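Shown next: my_file14.tsv, containing TSV, C-alpha atoms and all ligand atoms.
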chain	number	residue	atom	x	y	z
A	298	MET	CA	-40.77	4.21	30.21
A	299	ALA	CA	-38.24	2.04	28.42
A	300	GLN	CA	-35.75	-0.03	30.39
A	301	LEU	CA	-32.39	1.76	30.27
A	302	ILE	CA	-29.66	-0.79	29.53
A	303	ASP	CA	-26.87	0.33	31.82
A	304	GLY	CA	-23.51	-0.44	30.20
A	305	LYS	CA	-21.57	1.30	32.94
A	306	GLN	CA	-23.03	-0.91	35.63
A	307	ILE	CA	-22.83	-4.13	33.60
A	308	SER	CA	-19.23	-3.48	32.55
A	309	LYS	CA	-18.32	-2.83	36.20
A	310	GLN	CA	-19.97	-6.12	37.15
A	311	ILE	CA	-17.91	-7.98	34.50
A	312	LYS	CA	-14.68	-6.26	35.51
A	313	ASP	CA	-15.30	-7.15	39.18
A	314	GLU	CA	-15.88	-10.79	38.24
A	315	LEU	CA	-12.65	-10.77	36.20
A	316	LYS	CA	-10.74	-9.16	39.07
A	317	ILE	CA	-11.65	-12.08	41.35
A	318	GLU	CA	-10.70	-14.60	38.65
A	319	VAL	CA	-7.34	-12.88	38.01
A	320	GLN	CA	-6.60	-12.89	41.74
A	321	LYS	CA	-7.24	-16.65	41.86
A	322	LEU	CA	-5.03	-17.22	38.80
A	323	LYS	CA	-2.27	-15.20	40.48
A	324	GLU	CA	-2.54	-17.37	43.59
A	325	GLN	CA	-1.99	-20.38	41.33
A	326	GLY	CA	1.10	-18.67	39.88
A	327	THR	CA	-0.43	-17.46	36.60
A	328	GLY	CA	-0.03	-13.77	35.77
A	329	ILE	CA	-1.50	-12.08	32.71
A	330	CYS	CA	0.32	-9.50	30.60
A	331	LEU	CA	-1.15	-7.40	27.78
A	332	ALA	CA	1.19	-5.64	25.34
A	333	VAL	CA	-0.39	-2.35	24.20
A	334	VAL	CA	1.18	-0.90	21.06
A	335	GLN	CA	0.45	2.64	19.91
A	336	VAL	CA	2.01	4.26	16.85
A	337	GLY	CA	1.90	8.06	16.80
A	338	GLU	CA	0.07	10.40	19.13
A	339	ASP	CA	-3.49	10.61	17.84
A	340	PRO	CA	-5.33	12.15	20.83
A	341	ALA	CA	-8.39	9.86	20.55
A	342	SER	CA	-6.13	6.78	20.40
A	343	THR	CA	-4.22	8.01	23.45
A	344	VAL	CA	-7.51	8.27	25.40
A	345	TYR	CA	-8.50	4.71	24.35
A	346	VAL	CA	-5.05	3.32	25.20
A	347	ASN	CA	-5.07	5.01	28.62
A	348	ASN	CA	-8.54	3.63	29.37
A	349	LYS	CA	-7.32	0.14	28.48
A	350	LYS	CA	-4.28	0.50	30.73
A	351	LYS	CA	-6.52	1.71	33.57
A	352	ALA	CA	-8.85	-1.27	33.16
A	353	CYS	CA	-5.83	-3.63	33.24
A	354	ALA	CA	-4.62	-2.02	36.47
A	355	TYR	CA	-8.10	-2.33	38.03
A	356	ILE	CA	-8.38	-6.02	37.21
A	357	GLY	CA	-4.79	-6.94	38.06
A	358	ILE	CA	-3.48	-7.48	34.53
A	359	GLU	CA	-0.01	-6.17	33.74
A	360	SER	CA	-0.05	-3.80	30.77
A	361	ARG	CA	3.20	-3.24	28.91
A	362	ALA	CA	3.15	-0.07	26.80
A	363	TYR	CA	4.98	0.29	23.49
A	364	GLU	CA	4.70	3.90	22.35
A	365	LEU	CA	6.24	4.24	18.91
A	366	PRO	CA	6.77	7.43	16.88
A	367	GLU	CA	4.50	8.28	13.95
A	368	THR	CA	7.50	7.68	11.63
A	369	THR	CA	7.73	3.96	12.57
A	370	SER	CA	7.90	1.88	9.39
A	371	GLU	CA	5.64	-1.06	8.64
A	372	GLU	CA	8.66	-3.40	8.82
A	373	GLU	CA	9.61	-2.10	12.27
A	374	LEU	CA	6.07	-2.64	13.55
A	375	VAL	CA	5.94	-6.14	12.05
A	376	SER	CA	9.24	-6.98	13.79
A	377	LEU	CA	7.93	-5.77	17.15
A	378	VAL	CA	4.72	-7.80	16.82
A	379	GLU	CA	6.74	-10.89	15.83
A	380	GLU	CA	8.93	-10.40	18.90
A	381	LEU	CA	5.86	-10.12	21.12
A	382	ASN	CA	4.42	-13.28	19.50
A	383	GLN	CA	7.55	-15.16	20.63
A	384	ASP	CA	7.67	-13.61	24.10
A	385	ASP	CA	6.20	-16.13	26.56
A	386	SER	CA	5.71	-13.44	29.21
A	387	VAL	CA	3.15	-11.69	26.92
A	388	ASN	CA	-0.35	-13.22	26.81
A	389	GLY	CA	-2.17	-10.74	24.62
A	390	ILE	CA	-1.18	-8.19	21.96
A	391	LEU	CA	-3.21	-5.12	21.18
A	392	VAL	CA	-2.21	-2.75	18.38
A	393	GLN	CA	-4.30	0.41	18.68
A	394	LEU	CA	-6.09	1.30	15.44
A	395	PRO	CA	-6.16	3.35	13.28
A	396	LEU	CA	-2.48	3.13	12.30
A	397	PRO	CA	-0.73	5.90	10.34
A	398	GLU	CA	-1.56	5.76	6.63
A	399	HIS	CA	1.81	4.38	5.52
A	400	ILE	CA	1.23	1.18	7.53
A	401	ASN	CA	-0.99	-1.60	6.17
A	402	GLU	CA	-3.40	-2.42	9.01
A	403	ASP	CA	-4.43	-5.77	7.55
A	404	ARG	CA	-0.83	-6.94	7.45
A	405	ILE	CA	-0.32	-5.97	11.10
A	406	ILE	CA	-3.56	-7.68	12.19
A	407	ARG	CA	-2.46	-10.85	10.36
A	408	THR	CA	0.98	-10.73	11.98
A	409	ILE	CA	-0.45	-10.97	15.51
A	410	SER	CA	-0.51	-14.61	16.60
A	411	PRO	CA	-4.13	-15.87	16.71
A	412	ASP	CA	-3.28	-17.17	20.22
A	413	LYS	CA	-2.63	-13.59	21.40
A	414	ASP	CA	-5.29	-11.83	19.29
A	415	VAL	CA	-7.29	-10.25	22.13
A	416	ASP	CA	-9.06	-7.83	19.76
A	417	GLY	CA	-10.42	-10.81	17.81
A	418	PHE	CA	-9.61	-9.19	14.43
A	419	HIS	CA	-7.30	-11.89	12.98
A	420	PRO	CA	-8.90	-13.87	10.12
A	421	VAL	CA	-8.40	-17.05	12.18
A	422	SER	CA	-10.43	-15.56	15.06
A	423	VAL	CA	-13.11	-14.40	12.60
A	424	GLY	CA	-13.25	-17.87	11.00
A	425	ARG	CA	-13.53	-19.58	14.38
A	426	LEU	CA	-16.40	-17.30	15.30
A	427	TRP	CA	-18.34	-18.16	12.15
A	428	ILE	CA	-17.88	-21.92	12.42
A	429	GLY	CA	-18.71	-21.91	16.13
A	430	GLU	CA	-15.24	-22.82	17.44
A	431	LYS	CA	-13.86	-21.37	20.65
A	432	GLY	CA	-11.73	-18.29	20.01
A	433	PHE	CA	-11.35	-14.59	20.75
A	434	LEU	CA	-14.53	-12.62	20.10
A	435	SER	CA	-14.58	-9.12	18.68
A	436	CYS	CA	-15.04	-6.96	21.78
A	437	THR	CA	-17.89	-4.57	20.89
A	438	PRO	CA	-20.32	-7.24	19.61
A	439	ALA	CA	-19.39	-9.59	22.47
A	440	GLY	CA	-20.17	-6.72	24.85
A	441	ILE	CA	-23.59	-6.25	23.24
A	442	ILE	CA	-24.45	-9.93	23.81
A	443	GLN	CA	-23.54	-9.46	27.49
A	444	LEU	CA	-25.66	-6.28	27.69
A	445	LEU	CA	-28.68	-8.19	26.37
A	446	LYS	CA	-28.19	-11.31	28.49
A	447	ARG	CA	-27.47	-9.45	31.71
A	448	SER	CA	-30.52	-7.23	31.15
A	449	GLY	CA	-32.74	-10.30	30.94
A	450	ILE	CA	-33.42	-9.92	27.19
A	451	SER	CA	-33.55	-13.26	25.39
A	452	ILE	CA	-32.27	-13.53	21.82
A	453	GLU	CA	-33.48	-16.98	20.83
A	454	GLY	CA	-36.04	-16.89	18.03
A	455	LYS	CA	-36.08	-13.09	17.90
A	456	GLU	CA	-35.94	-11.01	14.71
A	457	CYS	CA	-32.56	-9.27	15.01
A	458	VAL	CA	-31.74	-6.50	12.55
A	459	ILE	CA	-28.23	-5.02	12.42
A	460	ILE	CA	-27.61	-1.80	10.52
A	461	GLY	CA	-23.95	-1.77	9.43
A	462	ARG	CA	-21.66	-4.47	8.04
A	463	SER	CA	-18.21	-3.44	9.25
A	464	ASN	CA	-15.66	-6.09	10.15
A	465	ILE	CA	-15.42	-4.89	13.75
A	466	VAL	CA	-19.13	-4.47	14.55
A	467	GLY	CA	-21.80	-5.48	12.04
A	468	LYS	CA	-20.43	-8.80	10.74
A	469	PRO	CA	-19.23	-10.31	14.04
A	470	MET	CA	-22.48	-9.09	15.62
A	471	ALA	CA	-24.42	-11.15	13.09
A	472	ALA	CA	-22.37	-14.27	13.87
A	473	LEU	CA	-22.89	-13.86	17.61
A	474	LEU	CA	-26.64	-13.29	17.36
A	475	LEU	CA	-26.89	-16.33	15.11
A	476	ARG	CA	-24.98	-18.34	17.70
A	477	GLU	CA	-27.63	-17.26	20.23
A	478	ASN	CA	-30.34	-18.53	17.86
A	479	GLY	CA	-31.56	-15.13	16.72
A	480	THR	CA	-32.97	-14.69	13.20
A	481	VAL	CA	-30.54	-12.21	11.71
A	482	THR	CA	-30.77	-9.57	8.98
A	483	ILE	CA	-27.90	-7.22	8.11
A	484	ALA	CA	-28.76	-3.89	6.49
A	485	HIS	CA	-26.25	-1.47	4.94
A	486	SER	CA	-26.03	1.63	2.76
A	487	ARG	CA	-27.40	-0.21	-0.33
A	488	THR	CA	-30.39	-1.66	1.53
A	489	ARG	CA	-33.72	-0.67	-0.01
A	490	ASN	CA	-36.64	0.36	2.22
A	491	LEU	CA	-34.50	0.42	5.36
A	492	ALA	CA	-37.32	1.48	7.68
A	493	GLU	CA	-39.50	-1.40	6.49
A	494	ILE	CA	-36.78	-3.86	7.47
A	495	THR	CA	-35.83	-2.24	10.77
A	496	ARG	CA	-39.49	-2.07	11.82
A	497	ARG	CA	-39.50	-5.90	11.79
A	498	ALA	CA	-36.83	-6.02	14.47
A	499	ASP	CA	-37.45	-7.28	17.98
A	500	ILE	CA	-33.80	-6.37	18.59
A	501	LEU	CA	-32.33	-3.54	16.51
A	502	ILE	CA	-28.55	-3.01	16.60
A	503	VAL	CA	-27.46	0.29	15.06
A	504	ALA	CA	-23.84	0.73	13.89
A	505	ILE	CA	-24.08	3.22	11.03
A	506	GLY	CA	-21.72	5.95	12.16
A	507	LYS	CA	-24.27	8.74	11.50
A	508	GLU	CA	-25.38	11.06	14.26
A	509	ARG	CA	-29.01	10.51	15.49
A	510	PHE	CA	-29.92	8.84	12.18
A	511	ILE	CA	-32.46	6.38	13.58
A	512	THR	CA	-35.72	8.03	14.57
A	513	SER	CA	-38.96	6.49	15.88
A	514	GLU	CA	-40.23	5.73	12.36
A	515	TYR	CA	-37.47	3.07	12.07
A	516	VAL	CA	-38.53	1.08	15.15
A	517	LYS	CA	-41.54	-0.98	16.06
A	518	ASP	CA	-43.36	-0.57	19.37
A	519	GLY	CA	-41.71	-2.52	22.16
A	520	ALA	CA	-38.45	-3.23	20.32
A	521	VAL	CA	-35.04	-3.39	22.03
A	522	VAL	CA	-32.60	-0.86	20.57
A	523	ILE	CA	-28.81	-1.04	20.94
A	524	ASP	CA	-26.92	2.07	19.81
A	525	VAL	CA	-23.27	1.45	18.91
A	526	GLY	CA	-22.63	4.92	17.46
A	527	MET	CA	-20.51	7.49	19.20
A	528	HIS	CA	-20.40	11.14	18.12
A	529	ARG	CA	-19.96	14.64	19.43
A	530	ASP	CA	-22.77	16.87	18.20
A	531	SER	CA	-22.52	20.55	17.27
A	532	GLU	CA	-23.03	21.45	20.96
A	533	ASN	CA	-20.17	19.12	21.96
A	534	HIS	CA	-22.54	16.59	23.57
A	535	LEU	CA	-21.89	12.88	23.13
A	536	CYS	CA	-24.64	11.15	21.16
A	537	GLY	CA	-25.23	7.97	19.20
A	538	ASP	CA	-26.60	6.81	15.86
A	539	VAL	CA	-30.07	6.74	17.44
A	540	ASP	CA	-32.16	9.81	18.20
A	541	PHE	CA	-32.65	8.75	21.82
A	542	LYS	CA	-35.34	11.30	22.77
A	543	ASP	CA	-37.48	10.40	19.78
A	544	VAL	CA	-37.03	6.62	19.98
A	545	GLU	CA	-37.08	5.96	23.74
A	546	PRO	CA	-40.86	6.40	24.30
A	547	ARG	CA	-41.58	3.76	21.68
A	548	VAL	CA	-39.29	0.92	22.78
A	549	SER	CA	-39.11	-1.57	25.66
A	550	ALA	CA	-35.37	-1.20	26.25
A	551	ILE	CA	-32.58	1.01	24.91
A	552	THR	CA	-28.90	1.79	25.50
A	553	PRO	CA	-27.94	5.39	26.26
A	554	VAL	CA	-24.93	7.15	24.72
A	555	PRO	CA	-22.70	7.57	26.63
A	556	GLY	CA	-22.96	4.74	29.17
A	557	GLY	CA	-24.35	1.98	26.94
A	558	VAL	CA	-22.23	-0.02	24.51
A	559	GLY	CA	-19.05	2.09	24.98
A	560	PRO	CA	-17.93	0.79	28.41
A	561	MET	CA	-18.60	-2.82	27.35
A	562	THR	CA	-15.87	-2.89	24.69
A	563	ILE	CA	-13.05	-2.54	27.23
A	564	ALA	CA	-14.70	-4.99	29.64
A	565	MET	CA	-14.76	-7.62	26.88
A	566	LEU	CA	-11.16	-6.84	25.92
A	567	MET	CA	-10.28	-7.60	29.55
A	568	ASN	CA	-12.29	-10.81	29.30
A	569	ASN	CA	-10.25	-11.84	26.23
A	570	CYS	CA	-7.03	-11.15	28.16
A	571	VAL	CA	-8.22	-13.43	30.98
A	572	GLU	CA	-9.24	-15.99	28.35
A	573	THR	CA	-5.55	-16.32	27.34
A	574	ALA	CA	-4.85	-17.62	30.86
A	575	ARG	CA	-7.99	-19.79	31.09
A	576	ARG	CA	-6.63	-21.75	28.15
B	601	LIG	P1	-18.29	1.84	9.57
B	601	LIG	O1	-17.13	0.92	9.31
B	601	LIG	O2	-18.25	3.22	9.07
B	601	LIG	O3	-19.59	1.10	9.01
B	601	LIG	C1	-20.81	1.77	8.92
B	601	LIG	C2	-21.82	0.85	8.29
B	601	LIG	O4	-23.06	1.53	8.21
B	601	LIG	C3	-21.46	0.39	6.87
B	601	LIG	O5	-21.67	-0.99	6.74
B	601	LIG	C4	-22.40	1.20	5.99
B	601	LIG	O6	-22.82	0.52	4.83
B	601	LIG	C5	-23.59	1.39	6.90
B	601	LIG	N1	-24.35	2.60	6.55
B	601	LIG	C6	-23.88	3.85	6.34
B	601	LIG	N2	-24.87	4.67	6.01
B	601	LIG	C7	-26.00	3.95	5.98
B	601	LIG	C8	-27.35	4.23	5.68
B	601	LIG	N3	-27.74	5.46	5.34
B	601	LIG	N4	-28.25	3.23	5.75
B	601	LIG	C9	-27.87	1.98	6.09
B	601	LIG	N5	-26.60	1.65	6.39
B	601	LIG	C10	-25.67	2.62	6.34
B	601	LIG	O7	-18.60	1.95	11.13
B	601	LIG	P2	-18.28	0.99	12.38
B	601	LIG	O8	-16.81	0.93	12.59
B	601	LIG	O9	-19.05	-0.27	12.29
B	601	LIG	O10	-18.89	1.90	13.54
B	601	LIG	C11	-20.23	2.35	13.55
B	601	LIG	C12	-20.42	3.34	14.68
B	601	LIG	O11	-20.12	2.71	15.90
B	601	LIG	C13	-19.50	4.57	14.64
B	601	LIG	O12	-20.21	5.68	15.14
B	601	LIG	C14	-18.37	4.22	15.58
B	601	LIG	O13	-17.78	5.35	16.16
B	601	LIG	C15	-19.11	3.41	16.60
B	601	LIG	N6	-18.30	2.40	17.32
B	601	LIG	C16	-18.41	2.37	18.67
B	601	LIG	C17	-17.73	1.41	19.39
B	601	LIG	C18	-17.89	1.37	20.88
B	601	LIG	O14	-17.10	0.75	21.57
B	601	LIG	N7	-18.92	2.01	21.39
B	601	LIG	C19	-16.93	0.46	18.75
B	601	LIG	C20	-16.85	0.51	17.35
B	601	LIG	C21	-17.56	1.48	16.65
B	601	LIG	P3	-21.80	0.13	3.61
B	601	LIG	O15	-21.06	-1.08	4.11
B	601	LIG	O16	-22.71	-0.19	2.50
B	601	LIG	O17	-20.93	1.30	3.39

Structure re-expressed in structure tokens:
Amino acid sequence: MAQLIDGKQISKQIKDELKIEVQKLKEQGTGICLAVVQVGEDPASTVYVNNKKKACAYIGIESRAYELPETTSEEELVSLVEELNQDDSVNGILVQLPLPEHINEDRIIRTISPDKDVDGFHPVSVGRLWIGEKGFLSCTPAGIIQLLKRSGISIEGKECVIIGRSNIVGKPMAALLLRENGTVTIAHSRTRNLAEITRRADILIVAIGKERFITSEYVKDGAVVIDVGMHRDSENHLCGDVDFKDVEPRVSAITPVPGGVGPMTIAMLMNNCVETARR
């Protein structure tokens, strides 16, 4: 039986550690405030935003909600973010993505001060990550590193294969695994002989965005498999990019969906919020 990497339990552990740290900071007179900006009422975004607010409340971080109508213009959103950049009572700024189509997401991401960029999406944060400087780490990949470390899985010297090269998962994941001395390969939709490459992996990270795409023929015996994907199948069950039932018997450790990578993203967002105060 493969080791089940329990993201729920590990994220709880991290949040409890942060709660203690935030309490200590409060005793020293340092509070933490996260501004959470949502434009429009996309139901999935509302769920994510509410989960982030709940996590803030649990840890003792103040969350300040800015709920703007769908019709908000790009200029109005830029002005709000600039105001929040200047506001010393705000430590971190989170603008929930995706934004409505008439707003340029890249411009908004670049408007957030790199000192308050708790999502780690600003080009300055990305650059710092790649050159090994301290900075905010993209939350999902940072969460995956914690999942591995806290499950006793070492990265150093391992063949790490990532499927997916998005800016929020695949690319920062590569930088972080490299930082941990993994040997990293990134595969994508133009990769030839995908299974041949993924079968080399000691650690396989799957962020394709395709339901149950990875079956046992893509993994080698004893590999560690991390499934970033999140879907609802035709029977309304949550599932990942990995065909769990097929792959699990073959591997040494695997994340379930739900309860694997998902809960880690918010835990690492909370860690970035606390990081603003540690500085
Ligand atoms: P994305 O931006 O759609 O990127 C998907 C990547 O997979 C692309 O790089 C694409 O290659 C590659 N790809 C697509 N089809 C492929 C194929 N047949 N063979 C090899 N590579 C293929 O997705 P994302 O934002 O990184 O997210 C990936 C998944 O993770 C989604 O299911 C998303 O919902 C989930 N997610 C979960 C969390 C969480 O907190 N749990 C966070 C973020 C994302 P090209 O670049 O060549 O197109």

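With only C-alpha atoms as the atoms that count, the residue of A:Glu318, A:Ile390, A:Leu301, A:Met561 with the shortest distance to Ser549 in chain A is A:Leu301.
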
Range 461-465 of chain A environment, 7 Å, all atoms listed in the file, sequence neighbours closer than 6 positions dropped, as JSON, numbers by chain | {"A": [435, 483, 484, 485, 503, 504, 505]}

Surrounding residues as a short mmCIF file (atom, residue, chain, number, x, y, z; two decimals) with C-alpha atoms, in the coordinates of the input, ligand LIG 601 (chain B), max 9 Å, all atoms listed in the file:
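Result saved to part-v3.cif:
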data_model
loop_
_atom_site.label_atom_id
_atom_site.label_comp_id
_atom_site.auth_asym_id
_atom_site.auth_seq_id
_atom_site.Cartn_x
_atom_site.Cartn_y
_atom_site.Cartn_z
CA CYS A 436 -15.04 -6.96 21.78
CA THR A 437 -17.89 -4.57 20.89
CA PRO A 438 -20.32 -7.24 19.61
CA GLY A 440 -20.17 -6.72 24.85
CA ILE A 460 -27.61 -1.80 10.52
CA GLY A 461 -23.95 -1.77 9.43
CA ARG A 462 -21.66 -4.47 8.04
CA SER A 463 -18.21 -3.44 9.25
CA ASN A 464 -15.66 -6.09 10.15
CA ILE A 465 -15.42 -4.89 13.75
CA VAL A 466 -19.13 -4.47 14.55
CA GLY A 467 -21.80 -5.48 12.04
CA LYS A 468 -20.43 -8.80 10.74
CA ILE A 483 -27.90 -7.22 8.11
CA ALA A 484 -28.76 -3.89 6.49
CA HIS A 485 -26.25 -1.47 4.94
CA SER A 486 -26.03 1.63 2.76
CA ARG A 487 -27.40 -0.21 -0.33
CA THR A 488 -30.39 -1.66 1.53
CA ARG A 489 -33.72 -0.67 -0.01
CA LEU A 491 -34.50 0.42 5.36
CA VAL A 503 -27.46 0.29 15.06
CA ALA A 504 -23.84 0.73 13.89
CA ILE A 505 -24.08 3.22 11.03
CA GLY A 506 -21.72 5.95 12.16
CA LYS A 507 -24.27 8.74 11.50
CA GLU A 508 -25.38 11.06 14.26
CA PHE A 510 -29.92 8.84 12.18
CA ASP A 524 -26.92 2.07 19.81
CA VAL A 525 -23.27 1.45 18.91
CA GLY A 526 -22.63 4.92 17.46
CA MET A 527 -20.51 7.49 19.20
CA HIS A 528 -20.40 11.14 18.12
CA GLY A 537 -25.23 7.97 19.20
CA ASP A 538 -26.60 6.81 15.86
CA VAL A 554 -24.93 7.15 24.72
CA PRO A 555 -22.70 7.57 26.63
CA GLY A 557 -24.35 1.98 26.94
CA VAL A 558 -22.23 -0.02 24.51
CA GLY A 559 -19.05 2.09 24.98
CA PRO A 560 -17.93 0.79 28.41
CA MET A 561 -18.60 -2.82 27.35
CA THR A 562 -15.87 -2.89 24.69
CA ILE A 563 -13.05 -2.54 27.23
#

Contacts of Val333 in chain A at 12 Å or less, counting only C-alpha atoms, minus same-chain residues fewer than 4 places along, as a ChimeraX atom specification?
-> /A:342-343,345-351,353,358-365,377-378,381,387-394,413-416,566,570

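Taking CA of Gln320 in chain A as the reference point, CA of Met565 in chain A is found at 17.8 Å.
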
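Computed from the coordinates, the CA of Ala352 in chain A to CA of Lys312 in chain A distance equals 8.0 Å.
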
Smallest atom-to-atom distance to Ile405 in chain A: which of A:Phe418, A:Phe433, A:Tyr515, A:Trp427, using all atoms listed in the file?
->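 The shortest atom-to-atom distance to Ile405 in chain A comes from A:Phe418.
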
For Lys321 in chain A, which of A:Ile302, A:Met567, A:Asn533, A:Gly357 is the closest residue, counting only C-alpha atoms?
->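 Of all the options, A:Gly357 lies closest to Lys321 in chain A.
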
Between CA of Arg404 in chain A and CA of His419 in chain A, measure the distance and give it in Å to one decimal.
-> 9.8 Å

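Residues with any atom within 9 Å of Ile500 in chain A, counting only C-alpha atoms and excluding same-chain neighbours fewer than 3 positions away, are Ile452, Lys455, Glu456, Cys457, Val458, Ile459, Arg497, Ala520, Val521, Val522 and Ile523 of chain A.
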
Find the residues around Arg476 in chain A up to 9 Å (all atoms listed in the file counted), leave out those fewer than 3 positions away in its own chain, and share them as number ranges by chain.
-> A: 426-427, 429, 471-473, 479

Would you compute the box with edges along x, y and z of the file around range 531-538 of chain A, including every atom the file lists for it and 3 Å extra on each side, and give its centre and edge lengths in Å to one decimal, as JSON?
{"center_x": -23.4, "center_y": 14.1, "center_z": 19.7, "size_x": 12.4, "size_y": 20.6, "size_z": 13.7}

Of the listed residues A:Glu453, A:Glu402, A:Asp412, A:Glu373, that which approaches Asn569 in chain A most closely, counting all atoms listed in the file =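 Closest to Asn569 in chain A of all the choices is A:Asp412.
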
List as a list in words: which residues have an atom within 7 Å of (-2.9, -14.6, 34.3), counting all atoms listed in the file?
->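 Counting all atoms listed in the file, I find these residues within 7 Å of (-2.9, -14.6, 34.3): Val319, Leu322, Lys323, Thr327, Gly328, Ile329, Val571 and Ala574 of chain A.
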
Between A:Val516, A:Met470, A:Ile406, A:Ala299, which is the closest to Gln443 in chain A once you count only C-alpha atoms?
-> A:Met470

Write range 533-539 of chain A as a compact mmCIF listing (two decimals), in the frame of the given file, completed to all heavy atoms.
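Okay, this is what ended up in rebuild_8.txt:
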# COMPACT_ATOMS: atom_id res chain seq x y z
N ASN A 533 -21.21 19.85 21.24
CA ASN A 533 -20.17 19.12 21.96
C ASN A 533 -20.71 18.07 22.93
O ASN A 533 -20.01 17.66 23.84
CB ASN A 533 -19.23 20.12 22.68
CG ASN A 533 -17.83 19.54 22.82
OD1 ASN A 533 -17.42 18.71 22.00
ND2 ASN A 533 -17.12 19.94 23.86
N HIS A 534 -21.98 17.66 22.75
CA HIS A 534 -22.54 16.59 23.57
C HIS A 534 -22.29 15.26 22.89
O HIS A 534 -22.36 15.16 21.66
CB HIS A 534 -24.06 16.77 23.75
CG HIS A 534 -24.42 17.98 24.53
ND1 HIS A 534 -25.47 18.81 24.18
CD2 HIS A 534 -23.86 18.53 25.63
CE1 HIS A 534 -25.54 19.81 25.04
NE2 HIS A 534 -24.58 19.66 25.93
N LEU A 535 -22.03 14.22 23.71
CA LEU A 535 -21.89 12.88 23.13
C LEU A 535 -23.27 12.38 22.74
O LEU A 535 -24.25 12.58 23.46
CB LEU A 535 -21.28 11.93 24.16
CG LEU A 535 -19.78 12.08 24.41
CD1 LEU A 535 -19.34 11.20 25.57
CD2 LEU A 535 -18.98 11.73 23.17
N CYS A 536 -23.37 11.76 21.56
CA CYS A 536 -24.64 11.15 21.16
C CYS A 536 -24.36 9.95 20.27
O CYS A 536 -23.21 9.72 19.87
CB CYS A 536 -25.53 12.17 20.45
SG CYS A 536 -24.91 12.64 18.84
N GLY A 537 -25.40 9.21 19.97
CA GLY A 537 -25.23 7.97 19.20
C GLY A 537 -25.79 8.07 17.80
O GLY A 537 -26.06 9.16 17.28
N ASP A 538 -25.98 6.90 17.18
CA ASP A 538 -26.60 6.81 15.86
C ASP A 538 -28.12 6.88 15.97
O ASP A 538 -28.82 6.98 14.96
CB ASP A 538 -26.24 5.47 15.19
CG ASP A 538 -24.77 5.40 14.77
OD1 ASP A 538 -24.10 6.44 14.78
OD2 ASP A 538 -24.32 4.29 14.44
N VAL A 539 -28.62 6.76 17.21
CA VAL A 539 -30.07 6.74 17.44
C VAL A 539 -30.49 8.08 18.06
O VAL A 539 -29.81 8.59 18.95
CB VAL A 539 -30.44 5.57 18.40
CG1 VAL A 539 -31.91 5.60 18.76
CG2 VAL A 539 -30.06 4.23 17.77
